[in-house]
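Novice: Pasting a structure below so you can have a look.
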Amino acid sequence: MPADLTPLWISLKVAGLATIFAFFLGIAAAYGMLGYRGPGKSVLEGLFIAPLVLPPTVVGFLLLVLFGRSGPLAPLLESLGWRIVFTWYGAVMSATVVAFPLMYRTALGAFEQVDRALPQVARTLGAGEWRIFGRILLPLSVPGLLAGMTLSFARALGEFGATLMVAGNIPGRTQTMPMAIYFAVQSGAMAQAWTWVGIILVVSLSGLVTANAWQAQRQRRQTTAHPTVDLLKPAPIPPASMTPAFIPGSLTTNTRMPESPSWPATLEVDIHKALATFPLTVRFTAGPDALGILGASGSGKSMTLRCIAGVETPDRGRIVLNGRVLFDRDRGINLPSRQRRVGLLFQTYALFPHLTLAENIGFGLQHLPKLERWQRISWWLEVMHLQGLGNRYPQQISGGQQQRVALARALAPNPEVLLLDEPLSALDTYLRSQVEQQLIKTLATYPGIALFVTHNLEEVFRVCPQVMVMAAGQPVAHGTRHQVFERPGSVIAAQITGCKNFSRAIPLSPHTLQAEDWGCTLTVAEVIPIDLSQVGFRAHQVEFVDSPHRPNTFPAWVVSTSETPHRMTLFLKLHRPPTPDMAPNQGDFPYDLQVEVFKEKWQTLNQHPQPWHIHLAPERILLLSDQPPFSIPTVNDVPAYAKTQG
């Protein structure tokens with residue numbers, strides 16, 4: 001052991017202070033660059049990383065030029081009575097500069113790994129940026145930040161070149177352990193050099209081992225699961241002192257939301273936003289009845305919700321909630337998410353993993369007194385059938401329970417609009433049915449506006465009285481669920497709402513048409529519209545009849561079948577039997593209609609010889625247009641039968 005241990009203490013002091021400075025500077029730079037998309041980003045990135053790729057002597061030379069006696073900062077330092085060069089302060093500065101890139105990169109990586117939905121949902125719960133940073137982003141980045149601090153400390157502890165240029169090798173003042181190793185080798189004292197090398201290895205590896213052990217223990221503690229029972233019980237009636245704005249699933253409620261400016265609730269949306277594949281152009285009005293937004297993945301449904309929530313910003317347009325303007329491009333109004341009074345439920349639920357269930361539900365209730373806040377949390381835990389689970393973490397409960405926690409968290413602050421982005425898609429079939437019933441009860445008594453996004457047509461039909469169908473960023477149908485499903489109006493709306501049978505159509509008279517692809521003439525109940533292009537018929541509405549003489553009745557032969565646990569899908573050929581080249585084993589076989597029947601019906605049908613006779617009820621035939629949604633017909637849009645009649 002060397003007689004003089006001052007290099008050890010100087011190294012620990014320099015590396016410790018450099019790590020602290022690099023920690024705060026690295027976090028600040030990483031947070032600033034996290035969402036930065038402005039000009040010069042690559043230049044800034046290059047400057048931040050430069051000390052990591054440049055030779056240490058070059059870094060030291062540049063620091064010496066800046067802070068030396070003839071450097072540009074020398075007059076300022078002299079006026080303040082500070083001296084950097086050839087002092088231990090210079091050693092700290094050099095170590096900070098070379099350790100900073102490691103802290104910056106690890107902090108930026110840790111921040112980027114945090115689910116982007118977490119800060120977004122926190123904003124909708126009223127949290128400001130500082131609270132999001134301190135309560136969400138920083139705690140969830142602890143493992144990465146700890147790794148960055150460990151690497152920064154090890155880098156600062158071993159720094160040599162820049163420190164030698166700026167601070168020199170003054171024994172007892174600036175001589176760190178790397179300096180002592182270098183000059184011990186120069187003087188031939190190899191035993192002393194090996195001693196200092198061993199000390200550096202022990203200190204550095206001890207820090208790495210300690211950090212890894214702490215992180216492993218933290219992960220084990222957070223992933224310790226408890227047995228859970230995910231059964232729904234009758235909703236309790238809470239004490240009056242604990243009752244918030246409304247009670248889901250109960251009719252004995254105070255349905256007016258506090259602080260609501262008008263009644264009934266209304267949401268007016270008229271926005272445009274350019275997306276990568278198509279422009280989002282949405283215009284609709286929603287009221288107290290839950291509005292389901294149905295469409296395929298990528299049709300703009302979720303983006304519409306995000307614009308309403310303030311998570312995304314439209315290029316132009318207007319959003320008005322209960323008479324309060326949330327967004328108006330022309331007037332320069334764009335309220336931040338925390339001021340919009342919206343509740344947002346993501347498909348992934350976006351629960352804060354480091355907070356307990358009670359803390360998740362109470363995240364948006366920080367403005368309430370502590371007692372009232374915990375009363376509200378307790379009530380929601382009870383209503384959502386989560387009694388006794390308030391101290392658990394999201395990863396310790398089932399998917400259905402997580403969904404109910406997310407719903408309670410969104411509703412707890414009494415939002416004026418509830419935005420549900422595919423809230424049931426992550427659940428299995430059995431659990432989805434249970435949670436769906438809870439959601440239906442909740443929305444039935446929710447006094448605000450609810451928008452429910454999904455691609456599941458049966459789900460939206462059960463949950464929402466009103467439905468809007470979207471395709472390629474535009475609404476293509478809007479009305480009550482019965483109107484939309486029974487009279488979709490356009491081919492794309494019929495496809496999205498589950499229709500599988502289509503044929504090109506030629507009008508013959510106000511109530512008859514030729515279905516070209518089906519090779520038959522059909523009588524329809526409605527007057528044929530002037531923009532008719534196709535007809536459709538839903539697979540489950542095809543009837544099998546005994547009498548072949550009824551209108552819209554045709555002989556049919558089975559080409560192939562497809563089986564599900566409860567239904568059979570029949571692929572039928574009309575008017576003539578299938579030929580050998582239509583065999584099912586040829587894959588792409590020609591057919592005219594798909595028909596869906598329960599297996600009991602199929603067993604009965606299969607006992608009768610073919611052909612069977614199918615009936616297409618005139619009132620169930622869908623009269624469809626290829627025109628853009630909500631287009632206004634022109635004088636040239638005249639049906640063929642009208643032209644022939646002059």
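Quick note on naming: the chains in the structure tokens go A, B, ... in the order shown, residues restart at 1 in each chain, and ligands are numbered from 1 in order of appearance.
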Neighbouring residues of stretch 45-48 of chain A were defined as those with any atom within 8 Å, considering only C-alpha atoms; residues of the same chain fewer than 4 positions away were excluded. Please report them as a compact mmCIF listing (two decimals) with N, CA and C atoms, in the first residue's frame.

Specialist:
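So the final result, stored in out.txt, reads:
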```txt
# COMPACT_ATOMS: atom_id res chain seq x y z
N LYS A 41 -30.72 19.80 -34.55
CA LYS A 41 -30.70 18.73 -33.58
C LYS A 41 -29.46 17.85 -33.73
N PHE A 100 -19.75 13.51 -19.11
CA PHE A 100 -21.08 14.00 -19.51
C PHE A 100 -21.72 13.18 -20.63
N PRO A 101 -20.99 12.84 -21.72
CA PRO A 101 -21.66 12.11 -22.80
C PRO A 101 -22.27 10.78 -22.36
N TYR A 104 -25.45 11.60 -20.50
CA TYR A 104 -26.46 12.12 -21.44
C TYR A 104 -27.09 10.98 -22.24
```

Novice: Excluding A:Ala154 and residues on its chain fewer than 5 positions from it, collect all residues at most 12 Å away from it, counting only C-alpha atoms, and give them as an NGL selection string.

Specialist: :A and (11-12 or 14-16 or 18-19 or 95-96 or 98-100 or 102-103 or 147-149 or 159 or 178 or 200-208)

Novice: Please report, as a list in words, each residue of stretch 442-529 of chain A to which DSSP assigns alpha helix (DSSP H) when run on this structure's backbone.

Specialist: Thr442, Leu443, Ala444, Thr445, Leu457, Glu458, Glu459, Val460, Phe461, Arg462, Val463, Arg481, His482, Gln483, Val484, Phe485, Glu486, Val491, Ile492, Ala493, Ala494, Gln495 and Ile496 of chain A

Novice: Once DSSP has gone over the backbone, tell me which residues of stretch 334-411 of chain A are in strand (DSSP E), as a list in words.

Specialist: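 Of stretch 334-411 of chain A, the ones in strand (DSSP E) are Asn334, Val342, Gly343, Leu344 and Leu345 of chain A.
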
Novice: Please save N, CA, C and O atoms of the selected residues as a PDB file, in the first residue's frame.

Specialist:
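For reference, out_12.pdb as written:
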```
ATOM      1  N   ASN A 334     -55.373  26.896 -28.213  1.00  0.00           N
ATOM      2  CA  ASN A 334     -54.993  25.482 -28.125  1.00  0.00           C
ATOM      3  C   ASN A 334     -54.717  25.163 -26.658  1.00  0.00           C
ATOM      4  O   ASN A 334     -53.578  25.228 -26.192  1.00  0.00           O
ATOM      5  N   VAL A 342     -60.576  16.269 -19.837  1.00  0.00           N
ATOM      6  CA  VAL A 342     -60.871  15.054 -20.586  1.00  0.00           C
ATOM      7  C   VAL A 342     -60.301  13.870 -19.824  1.00  0.00           C
ATOM      8  O   VAL A 342     -59.280  13.974 -19.143  1.00  0.00           O
ATOM      9  N   GLY A 343     -60.975  12.741 -19.922  1.00  0.00           N
ATOM     10  CA  GLY A 343     -60.458  11.486 -19.395  1.00  0.00           C
ATOM     11  C   GLY A 343     -60.088  10.591 -20.554  1.00  0.00           C
ATOM     12  O   GLY A 343     -60.914  10.343 -21.435  1.00  0.00           O
ATOM     13  N   LEU A 344     -58.849  10.112 -20.572  1.00  0.00           N
ATOM     14  CA  LEU A 344     -58.349   9.336 -21.704  1.00  0.00           C
ATOM     15  C   LEU A 344     -57.951   7.947 -21.228  1.00  0.00           C
ATOM     16  O   LEU A 344     -57.149   7.806 -20.301  1.00  0.00           O
ATOM     17  N   LEU A 345     -58.531   6.927 -21.851  1.00  0.00           N
ATOM     18  CA  LEU A 345     -58.219   5.533 -21.528  1.00  0.00           C
ATOM     19  C   LEU A 345     -57.599   4.886 -22.752  1.00  0.00           C
ATOM     20  O   LEU A 345     -58.251   4.699 -23.773  1.00  0.00           O
TER      21      LEU A 345
END
```

Novice: Could you please determine the separation between atom CA of A:Gln347 and atom CA of A:Val121 in Å, to one decimal place?

Specialist: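 Distance between the two atoms: 11.8 Å.
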
Novice: Need the shell around A:Thr313: protein/DNA/RNA residues with any atom at most 9 Å away, counting only C-alpha atoms. Skip same-chain ones fewer than 4 positions apart. Format as an MDAnalysis selection string?

Specialist: chainID A and resid 273 306:308 327 334

Novice: Neighbours of A:Leu351 within 7 Å (only C-alpha atoms; same-chain residues fewer than 2 positions away dropped), as a CSV table (one decimal) with N, CA, C and O atoms, in the first residue's frame?

Specialist:
```
chain,number,residue,atom,x,y,z
A,349,TYR,N,-54.0,0.7,-21.4
A,349,TYR,CA,-54.4,1.2,-20.1
A,349,TYR,C,-53.4,2.3,-19.6
A,349,TYR,O,-53.8,3.2,-18.8
A,353,PRO,N,-46.6,2.2,-13.6
A,353,PRO,CA,-46.2,0.9,-13.0
A,353,PRO,C,-45.6,1.1,-11.7
A,353,PRO,O,-45.6,0.1,-10.9
A,360,ASN,N,-52.6,5.5,-8.5
A,360,ASN,CA,-53.0,5.7,-9.9
A,360,ASN,C,-54.3,6.4,-10.0
A,360,ASN,O,-54.5,7.4,-10.7
A,394,PRO,N,-49.7,-2.3,-10.5
A,394,PRO,CA,-50.5,-2.8,-11.7
A,394,PRO,C,-50.0,-4.1,-12.2
A,394,PRO,O,-50.8,-4.9,-12.6
A,406,ALA,N,-57.8,1.7,-14.7
A,406,ALA,CA,-57.6,2.8,-15.7
A,406,ALA,C,-58.9,3.6,-15.9
A,406,ALA,O,-58.9,4.8,-16.1
```

Novice: Please list as number ranges by chain every residue within 8 Å of stretch 82-91 of chain A, counting only C-alpha atoms and excluding residues in the same chain fewer than 2 positions away.

Specialist: A: 14, 64, 67-68, 77-80, 93-95, 163, 166-168, 170, 173-174

Novice: Residues of the last selection are to be written out with all heavy atoms, as a CSV table (one decimal), in the first residue's frame.

Specialist:
```csv
chain,number,residue,atom,x,y,z
A,14,VAL,N,-12.7,14.2,-7.0
A,14,VAL,CA,-12.9,14.7,-8.3
A,14,VAL,C,-14.0,13.9,-9.0
A,14,VAL,O,-14.9,14.5,-9.7
A,14,VAL,CB,-11.6,14.7,-9.1
A,14,VAL,CG1,-11.8,14.9,-10.6
A,14,VAL,CG2,-10.6,15.7,-8.6
A,64,LEU,N,-8.2,24.0,-22.1
A,64,LEU,CA,-7.1,24.9,-21.8
A,64,LEU,C,-7.2,26.2,-22.6
A,64,LEU,O,-6.9,27.3,-22.1
A,64,LEU,CB,-5.8,24.2,-22.1
A,64,LEU,CG,-4.5,24.9,-21.5
A,64,LEU,CD1,-4.5,24.9,-20.0
A,64,LEU,CD2,-3.3,24.1,-22.0
A,67,PHE,N,-10.1,28.2,-21.0
A,67,PHE,CA,-10.0,28.7,-19.6
A,67,PHE,C,-8.6,29.2,-19.2
A,67,PHE,O,-8.4,29.5,-18.0
A,67,PHE,CB,-10.5,27.6,-18.6
A,67,PHE,CG,-11.9,27.3,-18.7
A,67,PHE,CD1,-12.4,26.2,-19.5
A,67,PHE,CD2,-12.9,28.0,-18.1
A,67,PHE,CE1,-13.7,25.9,-19.6
A,67,PHE,CE2,-14.2,27.7,-18.2
A,67,PHE,CZ,-14.6,26.6,-19.0
A,68,GLY,N,-7.7,29.0,-20.1
A,68,GLY,CA,-6.3,29.5,-19.8
A,68,GLY,C,-6.2,31.0,-19.7
A,68,GLY,O,-7.1,31.7,-19.9
A,77,LEU,N,-13.1,35.1,-15.5
A,77,LEU,CA,-12.6,34.4,-14.3
A,77,LEU,C,-11.8,35.2,-13.4
A,77,LEU,O,-11.9,35.1,-12.1
A,77,LEU,CB,-11.8,33.1,-14.8
A,77,LEU,CG,-12.6,32.1,-15.6
A,77,LEU,CD1,-11.7,31.0,-16.1
A,77,LEU,CD2,-13.7,31.5,-14.7
A,78,GLU,N,-10.9,36.1,-13.9
A,78,GLU,CA,-10.1,37.0,-13.1
A,78,GLU,C,-10.9,38.0,-12.4
A,78,GLU,O,-10.6,38.3,-11.2
A,78,GLU,CB,-9.1,37.7,-14.0
A,78,GLU,CG,-8.0,36.8,-14.5
A,78,GLU,CD,-7.0,37.5,-15.4
A,78,GLU,OE1,-7.2,38.8,-15.6
A,78,GLU,OE2,-6.1,36.9,-16.0
A,79,SER,N,-12.0,38.5,-13.0
A,79,SER,CA,-12.9,39.4,-12.3
A,79,SER,C,-13.6,38.8,-11.1
A,79,SER,O,-13.9,39.5,-10.2
A,79,SER,CB,-13.9,40.0,-13.3
A,79,SER,OG,-14.8,39.0,-13.8
A,80,LEU,N,-13.8,37.5,-11.2
A,80,LEU,CA,-14.5,36.8,-10.1
A,80,LEU,C,-13.5,36.2,-9.1
A,80,LEU,O,-14.0,35.6,-8.1
A,80,LEU,CB,-15.4,35.6,-10.7
A,80,LEU,CG,-16.5,36.1,-11.6
A,80,LEU,CD1,-17.2,34.9,-12.3
A,80,LEU,CD2,-17.6,36.9,-10.9
A,93,MET,N,-13.6,19.8,-13.6
A,93,MET,CA,-14.2,20.3,-14.9
A,93,MET,C,-13.8,19.3,-16.0
A,93,MET,O,-14.7,18.9,-16.8
A,93,MET,CB,-13.7,21.7,-15.3
A,93,MET,CG,-14.2,22.2,-16.6
A,93,MET,SD,-13.6,23.8,-17.0
A,93,MET,CE,-11.9,23.4,-17.3
A,94,SER,N,-12.6,18.9,-16.1
A,94,SER,CA,-12.2,17.9,-17.2
A,94,SER,C,-12.9,16.6,-17.0
A,94,SER,O,-13.4,16.1,-18.0
A,94,SER,CB,-10.7,17.7,-17.1
A,94,SER,OG,-9.9,18.9,-17.2
A,95,ALA,N,-13.0,16.1,-15.8
A,95,ALA,CA,-13.7,14.8,-15.6
A,95,ALA,C,-15.2,15.0,-15.9
A,95,ALA,O,-15.8,14.0,-16.4
A,95,ALA,CB,-13.5,14.4,-14.1
A,163,THR,N,-7.3,15.8,-17.9
A,163,THR,CA,-6.9,16.3,-16.6
A,163,THR,C,-5.5,16.7,-16.6
A,163,THR,O,-5.1,17.8,-16.0
A,163,THR,CB,-7.2,15.2,-15.6
A,163,THR,OG1,-8.5,14.8,-15.6
A,163,THR,CG2,-6.8,15.7,-14.2
A,166,VAL,N,-5.2,20.2,-18.3
A,166,VAL,CA,-5.9,21.3,-17.6
A,166,VAL,C,-5.4,21.5,-16.2
A,166,VAL,O,-5.1,22.6,-15.7
A,166,VAL,CB,-7.4,21.2,-17.6
A,166,VAL,CG1,-8.1,22.3,-16.9
A,166,VAL,CG2,-7.9,21.1,-19.1
A,167,ALA,N,-5.2,20.4,-15.4
A,167,ALA,CA,-4.9,20.5,-14.0
A,167,ALA,C,-3.5,20.1,-13.7
A,167,ALA,O,-3.0,20.4,-12.6
A,167,ALA,CB,-5.9,19.6,-13.2
A,168,GLY,N,-2.8,19.4,-14.6
A,168,GLY,CA,-1.4,19.1,-14.4
A,168,GLY,C,-1.3,17.9,-13.4
A,168,GLY,O,-2.3,17.3,-13.0
A,170,ILE,N,0.2,17.8,-9.9
A,170,ILE,CA,0.7,18.4,-8.7
A,170,ILE,C,0.4,17.5,-7.5
A,170,ILE,O,-0.7,17.4,-7.1
A,170,ILE,CB,0.1,19.8,-8.5
A,170,ILE,CG1,0.3,20.7,-9.8
A,170,ILE,CG2,0.7,20.5,-7.3
A,170,ILE,CD1,-0.4,22.0,-9.7
A,173,ARG,N,-2.3,17.9,-4.7
A,173,ARG,CA,-3.3,18.9,-5.1
A,173,ARG,C,-4.2,18.5,-6.3
A,173,ARG,O,-5.4,18.5,-6.3
A,173,ARG,CB,-2.6,20.3,-5.5
A,173,ARG,CG,-2.1,21.0,-4.2
A,173,ARG,CD,-1.3,22.2,-4.6
A,173,ARG,NE,-2.1,23.1,-5.4
A,173,ARG,CZ,-1.6,24.2,-6.0
A,173,ARG,NH1,-0.3,24.4,-6.0
A,173,ARG,NH2,-2.3,25.0,-6.7
A,174,THR,N,-3.5,18.0,-7.4
A,174,THR,CA,-4.2,17.6,-8.6
A,174,THR,C,-3.8,16.2,-9.1
A,174,THR,O,-4.3,15.7,-10.1
A,174,THR,CB,-4.0,18.6,-9.8
A,174,THR,OG1,-2.6,18.5,-10.1
A,174,THR,CG2,-4.4,20.0,-9.4
```

Novice: Suppose you want the space between atom CA of A:Ile333 and atom CA of A:Ile449; what is it in Å?

Specialist: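 Interatomic distance here is 21.5 Å.
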
Novice: To one decimal place, how far is atom CA of A:Lys13 from atom CA of A:Val58 in Å?

Specialist: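 So the two atoms, atom CA of A:Lys13 and atom CA of A:Val58, lie 23.9 Å apart.
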
Novice: Using only C-alpha atoms, which residues sit within 6 Å of stretch 464-480 of chain A once same-chain residues fewer than 2 positions away are excluded, as a list in words?

Specialist: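 Near neighbours after the sequence-gap exclusion: Leu280, Thr281, Val282, Ala290, Leu291, Gly292, Ile293, Leu294, Gly295, Ser299, Gly300, Val460, Phe461, His482, Gln483, Val484, Ala493 and Pro629 of chain A.
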
Novice: Please list as a list in words every residue within 10 Å of A:Glu486, counting only C-alpha atoms and excluding residues in the same chain fewer than 5 positions away.

Specialist: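 Once the nearby chain positions are removed, what remains is Thr480, Arg481, Ala494, Thr497, Arg538, Glu619, Arg620, Ile621 and Leu622 of chain A.
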
Novice: Would you write out those residues with all heavy atoms, as a tab-separated table (two decimals), in the first residue's frame?

Specialist:
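The resulting file, out-v6.tsv, is reproduced below:
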```
chain	number	residue	atom	x	y	z
A	480	THR	N	-77.67	6.61	-35.31
A	480	THR	CA	-77.88	5.60	-34.27
A	480	THR	C	-77.31	4.28	-34.75
A	480	THR	O	-77.10	4.06	-35.95
A	480	THR	CB	-79.36	5.44	-33.95
A	480	THR	OG1	-80.03	4.85	-35.08
A	480	THR	CG2	-80.01	6.79	-33.62
A	481	ARG	N	-77.06	3.36	-33.83
A	481	ARG	CA	-76.46	2.09	-34.22
A	481	ARG	C	-77.36	1.32	-35.18
A	481	ARG	O	-76.88	0.66	-36.11
A	481	ARG	CB	-76.15	1.25	-32.99
A	481	ARG	CG	-77.31	0.99	-32.07
A	481	ARG	CD	-76.85	0.36	-30.77
A	481	ARG	NE	-77.89	0.36	-29.75
A	481	ARG	CZ	-77.65	0.20	-28.46
A	481	ARG	NH1	-76.42	0.02	-28.04
A	481	ARG	NH2	-78.63	0.22	-27.58
A	494	ALA	N	-70.67	-0.22	-45.34
A	494	ALA	CA	-71.25	-1.56	-45.23
A	494	ALA	C	-70.16	-2.60	-44.96
A	494	ALA	O	-70.35	-3.53	-44.17
A	494	ALA	CB	-72.00	-1.91	-46.51
A	497	THR	N	-69.02	-2.34	-41.34
A	497	THR	CA	-70.04	-2.83	-40.40
A	497	THR	C	-70.37	-4.30	-40.61
A	497	THR	O	-71.36	-4.79	-40.07
A	497	THR	CB	-71.32	-1.98	-40.51
A	497	THR	OG1	-71.79	-1.98	-41.87
A	497	THR	CG2	-71.08	-0.56	-40.05
A	538	ARG	N	-76.44	-8.81	-45.77
A	538	ARG	CA	-75.68	-9.37	-44.65
A	538	ARG	C	-75.85	-10.88	-44.59
A	538	ARG	O	-76.95	-11.41	-44.78
A	538	ARG	CB	-76.09	-8.71	-43.34
A	538	ARG	CG	-75.85	-7.20	-43.36
A	538	ARG	CD	-75.91	-6.60	-41.97
A	538	ARG	NE	-75.75	-5.15	-42.02
A	538	ARG	CZ	-74.58	-4.51	-42.05
A	538	ARG	NH1	-73.46	-5.23	-42.05
A	538	ARG	NH2	-74.52	-3.20	-42.09
A	619	GLU	N	-86.75	-5.59	-47.61
A	619	GLU	CA	-86.46	-4.53	-46.63
A	619	GLU	C	-85.04	-4.64	-46.06
A	619	GLU	O	-84.56	-3.70	-45.41
A	619	GLU	CB	-87.48	-4.57	-45.49
A	619	GLU	CG	-87.44	-5.81	-44.61
A	619	GLU	CD	-88.25	-6.97	-45.19
A	619	GLU	OE1	-88.69	-6.87	-46.35
A	619	GLU	OE2	-88.43	-7.97	-44.47
A	620	ARG	N	-84.36	-5.77	-46.31
A	620	ARG	CA	-83.01	-5.93	-45.77
A	620	ARG	C	-81.93	-5.73	-46.83
A	620	ARG	O	-80.74	-5.82	-46.52
A	620	ARG	CB	-82.85	-7.31	-45.14
A	620	ARG	CG	-83.75	-7.52	-43.92
A	620	ARG	CD	-83.38	-8.79	-43.18
A	620	ARG	NE	-84.22	-9.03	-42.02
A	620	ARG	CZ	-84.06	-8.46	-40.83
A	620	ARG	NH1	-83.06	-7.60	-40.66
A	620	ARG	NH2	-84.87	-8.75	-39.83
A	621	ILE	N	-82.30	-5.45	-48.04
A	621	ILE	CA	-81.32	-5.21	-49.09
A	621	ILE	C	-80.70	-3.83	-48.88
A	621	ILE	O	-81.41	-2.83	-48.72
A	621	ILE	CB	-81.96	-5.31	-50.48
A	621	ILE	CG1	-82.42	-6.75	-50.73
A	621	ILE	CG2	-80.97	-4.88	-51.57
A	621	ILE	CD1	-83.18	-6.93	-52.03
A	622	LEU	N	-79.37	-3.77	-48.86
A	622	LEU	CA	-78.65	-2.51	-48.63
A	622	LEU	C	-78.40	-1.84	-49.97
A	622	LEU	O	-77.78	-2.42	-50.87
A	622	LEU	CB	-77.32	-2.79	-47.92
A	622	LEU	CG	-77.40	-3.56	-46.60
A	622	LEU	CD1	-76.00	-3.74	-46.01
A	622	LEU	CD2	-78.30	-2.85	-45.61
```

Novice: A:Asp592, A:Glu436, A:Asp330, A:Glu543: which is nearest A:Ala515, counting only C-alpha atoms?

Specialist: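 Result for the nearest residue to A:Ala515: A:Asp592.
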
Novice: Of the candidates A:Met165, A:Leu63, A:Ala556, A:Leu108, which shows the shortest atom-to-atom distance to A:Leu25, using only C-alpha atoms?

Specialist: A:Leu108

Novice: Which is closest to A:Ile199 among A:Pro7, A:Pro171, A:Gly26, A:Pro119, if we use only C-alpha atoms?

Specialist: A:Pro7
